[in-house]
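A.B. asks: Pasting entry.tsv here (TSV, C-alpha atoms and all ligand atoms):
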chain	number	residue	atom	x	y	z
A	1	MET	CA	-33.50	-33.50	12.86
A	2	ALA	CA	-32.70	-30.06	11.42
A	3	ILE	CA	-29.51	-29.41	13.32
A	4	SER	CA	-27.32	-29.89	10.25
A	5	SER	CA	-28.92	-26.87	8.56
A	6	ALA	CA	-26.78	-24.44	10.53
A	7	PRO	CA	-24.82	-22.24	8.08
A	8	VAL	CA	-21.10	-22.87	8.22
A	9	LEU	CA	-20.23	-21.56	4.78
A	10	GLY	CA	-16.92	-19.79	4.53
A	11	ALA	CA	-15.57	-21.28	7.73
A	12	SER	CA	-12.70	-22.87	5.84
A	13	ASN	CA	-12.04	-19.78	3.75
A	14	THR	CA	-10.51	-17.42	6.27
A	15	PHE	CA	-7.96	-14.78	5.38
A	16	GLY	CA	-4.85	-16.37	6.79
A	17	ARG	CA	-2.27	-14.62	4.66
A	18	PRO	CA	1.03	-13.78	6.33
A	19	THR	CA	1.61	-10.08	6.84
A	20	MET	CA	4.73	-10.01	4.70
A	21	ASP	CA	3.01	-11.51	1.70
A	22	HIS	CA	1.04	-8.43	0.81
A	23	LEU	CA	4.26	-6.52	0.24
A	24	LEU	CA	5.33	-8.97	-2.41
A	25	ASP	CA	2.02	-8.80	-4.19
A	26	HIS	CA	2.42	-6.90	-7.43
A	27	HIS	CA	-1.19	-5.84	-7.66
A	28	PRO	CA	-2.06	-2.20	-6.92
A	29	ARG	CA	-3.45	-1.31	-3.50
A	30	ASP	CA	-6.84	0.12	-2.68
A	31	GLU	CA	-5.14	2.54	-0.33
A	32	MET	CA	-1.61	3.89	-0.57
A	33	THR	CA	0.31	5.58	2.20
A	34	ARG	CA	3.77	7.12	2.26
A	35	GLU	CA	5.01	4.33	4.52
A	36	LEU	CA	3.58	1.61	2.34
A	37	ALA	CA	4.94	3.30	-0.76
A	38	HIS	CA	8.46	3.28	0.66
A	39	HIS	CA	8.09	-0.38	1.63
A	40	VAL	CA	6.87	-1.24	-1.84
A	41	MET	CA	9.75	0.59	-3.49
A	42	GLN	CA	12.21	-1.44	-1.39
A	43	GLN	CA	10.47	-4.80	-1.71
A	44	HIS	CA	9.94	-4.41	-5.46
A	45	ILE	CA	13.31	-2.85	-6.17
A	46	GLY	CA	14.00	-5.54	-8.75
A	47	CYS	CA	10.66	-5.25	-10.47
A	48	PRO	CA	10.40	-3.46	-13.82
A	49	ILE	CA	8.02	-0.58	-13.21
A	50	THR	CA	6.32	-1.29	-16.51
A	51	VAL	CA	5.27	-4.70	-15.20
A	52	CYS	CA	4.82	-4.16	-11.47
A	53	ALA	CA	1.58	-2.25	-10.93
A	54	VAL	CA	2.05	-1.63	-7.23
A	55	LYS	CA	5.54	-0.24	-7.77
A	56	LEU	CA	4.20	2.17	-10.35
A	57	GLN	CA	1.44	3.12	-7.93
A	58	ALA	CA	3.94	3.68	-5.13
A	59	LYS	CA	6.28	5.76	-7.25
A	60	THR	CA	3.43	7.86	-8.57
A	61	PHE	CA	2.18	8.35	-5.04
A	62	LEU	CA	5.59	9.43	-3.78
A	63	VAL	CA	6.06	11.87	-6.65
A	64	HIS	CA	2.67	13.43	-6.03
A	65	THR	CA	3.26	13.52	-2.29
A	66	LYS	CA	6.57	15.31	-2.69
A	67	ARG	CA	5.04	17.88	-4.98
A	68	LEU	CA	1.92	18.52	-2.99
A	69	VAL	CA	3.12	18.15	0.59
A	70	PRO	CA	6.76	19.15	1.09
A	71	GLN	CA	8.01	17.51	4.27
A	72	SER	CA	10.28	20.43	5.07
A	73	THR	CA	7.33	22.77	5.41
A	74	PRO	CA	6.30	23.12	9.05
A	75	ARG	CA	2.59	23.21	9.81
A	76	THR	CA	3.01	26.12	12.16
A	77	ARG	CA	3.86	28.32	9.22
A	78	PHE	CA	0.18	28.27	8.30
A	79	GLY	CA	-0.96	28.94	11.84
A	80	PHE	CA	-2.55	25.55	12.44
B	1	ZN	ZN	6.69	-6.06	-7.87
Could the structure of this file be written out as structure tokens, please?
C.D. replies:
Amino acid sequence: MAISSAPVLGASNTFGRPTMDHLLDHHPRDEMTRELAHHVMQQHIGCPITVCAVKLQAKTFLVHTKRLVPQSTPRTRFGF
């Protein structure tokens, strides 16, 4: 019988991580958003920025965002 040859690899290796866990992960993110950056800054408030990569990434992102896209500037000013 060849029934047992059905591929079941990876069935026990699903991504079952809780949603809150990724916020406490100190590794940098592939994609950073303003919301995530604020969450990271709060969750990693006790982390030294020289050690916590994601906190450094978040802070850098926020600094760049503030400089490049001022929130107080309305879009209508540019006629969009
Ligand atoms: Zn951290």
A.B. asks: Could you list, as a list of chain:residue names, all the residues within 6 Å of ligand ZN 1 (chain B), counting only C-alpha atoms and all ligand atoms?
C.D. replies: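 What falls inside 6 Å of ligand ZN 1 (chain B) is A:His26, A:His44, A:Cys47, A:Cys52, A:Lys55.
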A.B. asks: State, in Å with one decimal place, the distance from atom CA of Gln42 of chain A to atom CA of Arg29 of chain A.
C.D. replies: 15.8 Å
A.B. asks: I'd like the contact shell of Gln57 of chain A - 12 Å cut-off, all atoms listed in the file, skipping same-chain residues fewer than 3 positions apart - returned as a list in words.
C.D. replies: His26, His27, Pro28, Arg29, Asp30, Glu31, Met32, Thr33, Arg34, Leu36, Ala37, His38, Val40, Met41, His44, Ile49, Thr50, Val51, Cys52, Ala53, Val54, Thr60, Phe61, Leu62, Val63, His64 and Thr65 of chain A
